[in-house]
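What follows is a single structure, written as structure tokens, with notes after it.
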Amino acid sequence: MTYATLMVHLDAGCTNAPLLAIAASQAERFAAGVIGIAAGQPAQIGNCDGFYSGDFAVAERDIVDDELKRSETEFRDCVALEPYVLEWRSIPALEPIAHVIAAEARSADLLITGVGKGSGNNGNTHADTGDLVLRAGRPVLVVPPTAAPGVFETVMVAWNDSRECRRAIADALPLLKRADHVVVAAVTAEMGDVHIEVRQVIAWLERHGVSADRHLAPLGGNITERLSKIATEHDADLIVAGAYGHSRIREWAFGGVTRDMLLSDNRCALLSN
């Protein structure tokens, strides 16, 4: 199993240098082709009395077109990515950006996207990350704004015996096989049961040529904080996890402080649903 085609989703409203660096490093690792994509919704500039004329519609369309062109230029100007480029897709959209990008992910094995930081994220150009993960039907590699080029030497699997987590660890196999160190971590109140589960998961990984350690921690306090602490202890630069449900994924991976803990300066996350 490998990733033959990557799709990288650029936010047309901001610079995407860290995201492109990650995409280029993964394209090189897997000798994969890369499809670049950006989508934009009209900005709804309108006017003060609520009247919406054809002139405003044209202005909004021009704004979207300009943003998409800037993203295409940024994508094509990335020298490290150039040998792997397959195509570029610019999509003016009326529906939510996550819906558009998720549908286009049919063309790829792995979708790479950024995550906005705080309320300044531009909803007219960037997909709601949680919604995108739940809709894509593909593993999604989420890149924080200041991530370094991803070598993913140490990968932590945030284990939970759920369908989504089992899907995520299978989707991450190409990355796990290339990692120097893999840790399967679990925070639980049922230590005996989880010990058996993790042992079986590690045995399964070994049959795929992946050597992994385990790190089990008793339940106490905030689970996300415990997982983040374990990731920091092992110097993990990638977390693999299952995405459970719309409200929970927002809380667990993309909500305020929680998002900042999991997606630290150099820590990406591979999520599957």
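Letters A, B, ... mark the chains of the structure tokens in the order given; residue numbers begin at 1 per chain; ligand numbers begin at 1, in order shown.
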
Next item on the list: Quick one: everything within 9 Å of stretch 107-114 of chain A, counting only C-alpha atoms, minus sequence neighbours fewer than 2 positions away in the same chain. Send it as number ranges by chain.
Entry: A: 2-11, 16, 18-19, 22-23, 34-35, 102-105, 116, 126-127, 129, 136, 138-145, 171

Check: So which bits of stretch 13-208 of chain A end up helix (DSSP H, G or I) when you DSSP the backbone, as a PyMOL selection string?
Finding: chain A and resi 17-30+54-76+82-84+97-107+118-120+129-136+163-171+173-178+191-207

Note to self: If DSSP is run on the backbone, what residues of stretch 119-267 of chain A are strand (DSSP E)? A reply as a ChimeraX atom specification would be ideal.
What the structure shows: /A:140-143,154-158,181-188,212-218,238-242

C-alpha atoms of the current selection, written as a JSON list (two decimals), in the first residue's frame:
```json
[["chain", "number", "residue", "atom", "x", "y", "z"],
["A", 140, "VAL", "CA", -6.82, 13.79, 5.75],
["A", 141, "LEU", "CA", -3.39, 15.10, 6.75],
["A", 142, "VAL", "CA", -3.98, 18.30, 8.71],
["A", 143, "VAL", "CA", -1.09, 20.77, 8.76],
["A", 154, "THR", "CA", 8.07, 9.63, 15.17],
["A", 155, "VAL", "CA", 4.38, 8.84, 14.77],
["A", 156, "MET", "CA", 1.95, 8.41, 17.65],
["A", 157, "VAL", "CA", -1.27, 6.46, 17.15],
["A", 158, "ALA", "CA", -3.94, 7.75, 19.54],
["A", 181, "HIS", "CA", 9.62, 5.26, 15.75],
["A", 182, "VAL", "CA", 5.93, 4.38, 16.17],
["A", 183, "VAL", "CA", 4.07, 4.58, 19.48],
["A", 184, "VAL", "CA", 0.57, 3.23, 20.08],
["A", 185, "ALA", "CA", -0.80, 5.29, 22.96],
["A", 186, "ALA", "CA", -4.02, 4.91, 24.92],
["A", 187, "VAL", "CA", -5.55, 6.72, 27.88],
["A", 188, "THR", "CA", -8.11, 4.49, 29.56],
["A", 212, "ALA", "CA", 5.86, -0.16, 17.50],
["A", 213, "ASP", "CA", 6.05, 0.58, 21.22],
["A", 214, "ARG", "CA", 3.07, 1.00, 23.51],
["A", 215, "HIS", "CA", 2.30, 3.75, 26.00],
["A", 216, "LEU", "CA", -0.71, 3.18, 28.24],
["A", 217, "ALA", "CA", -1.83, 5.83, 30.69],
["A", 218, "PRO", "CA", -4.60, 5.64, 33.29],
["A", 238, "LEU", "CA", 2.52, 13.22, 13.61],
["A", 239, "ILE", "CA", -0.56, 11.97, 15.42],
["A", 240, "VAL", "CA", -2.81, 9.34, 13.81],
["A", 241, "ALA", "CA", -6.37, 9.30, 15.10],
["A", 242, "GLY", "CA", -9.93, 8.45, 14.25]]
```

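Taking only C-alpha atoms, the non-local environment of stretch 67-71 of chain A within 7 Å (same-chain residues fewer than 3 positions away omitted) comprises Leu10, Ala12, Gly13, Ala38, Ala39, Ile63, Val64, Glu74, Phe75 and Ser90 of chain A.
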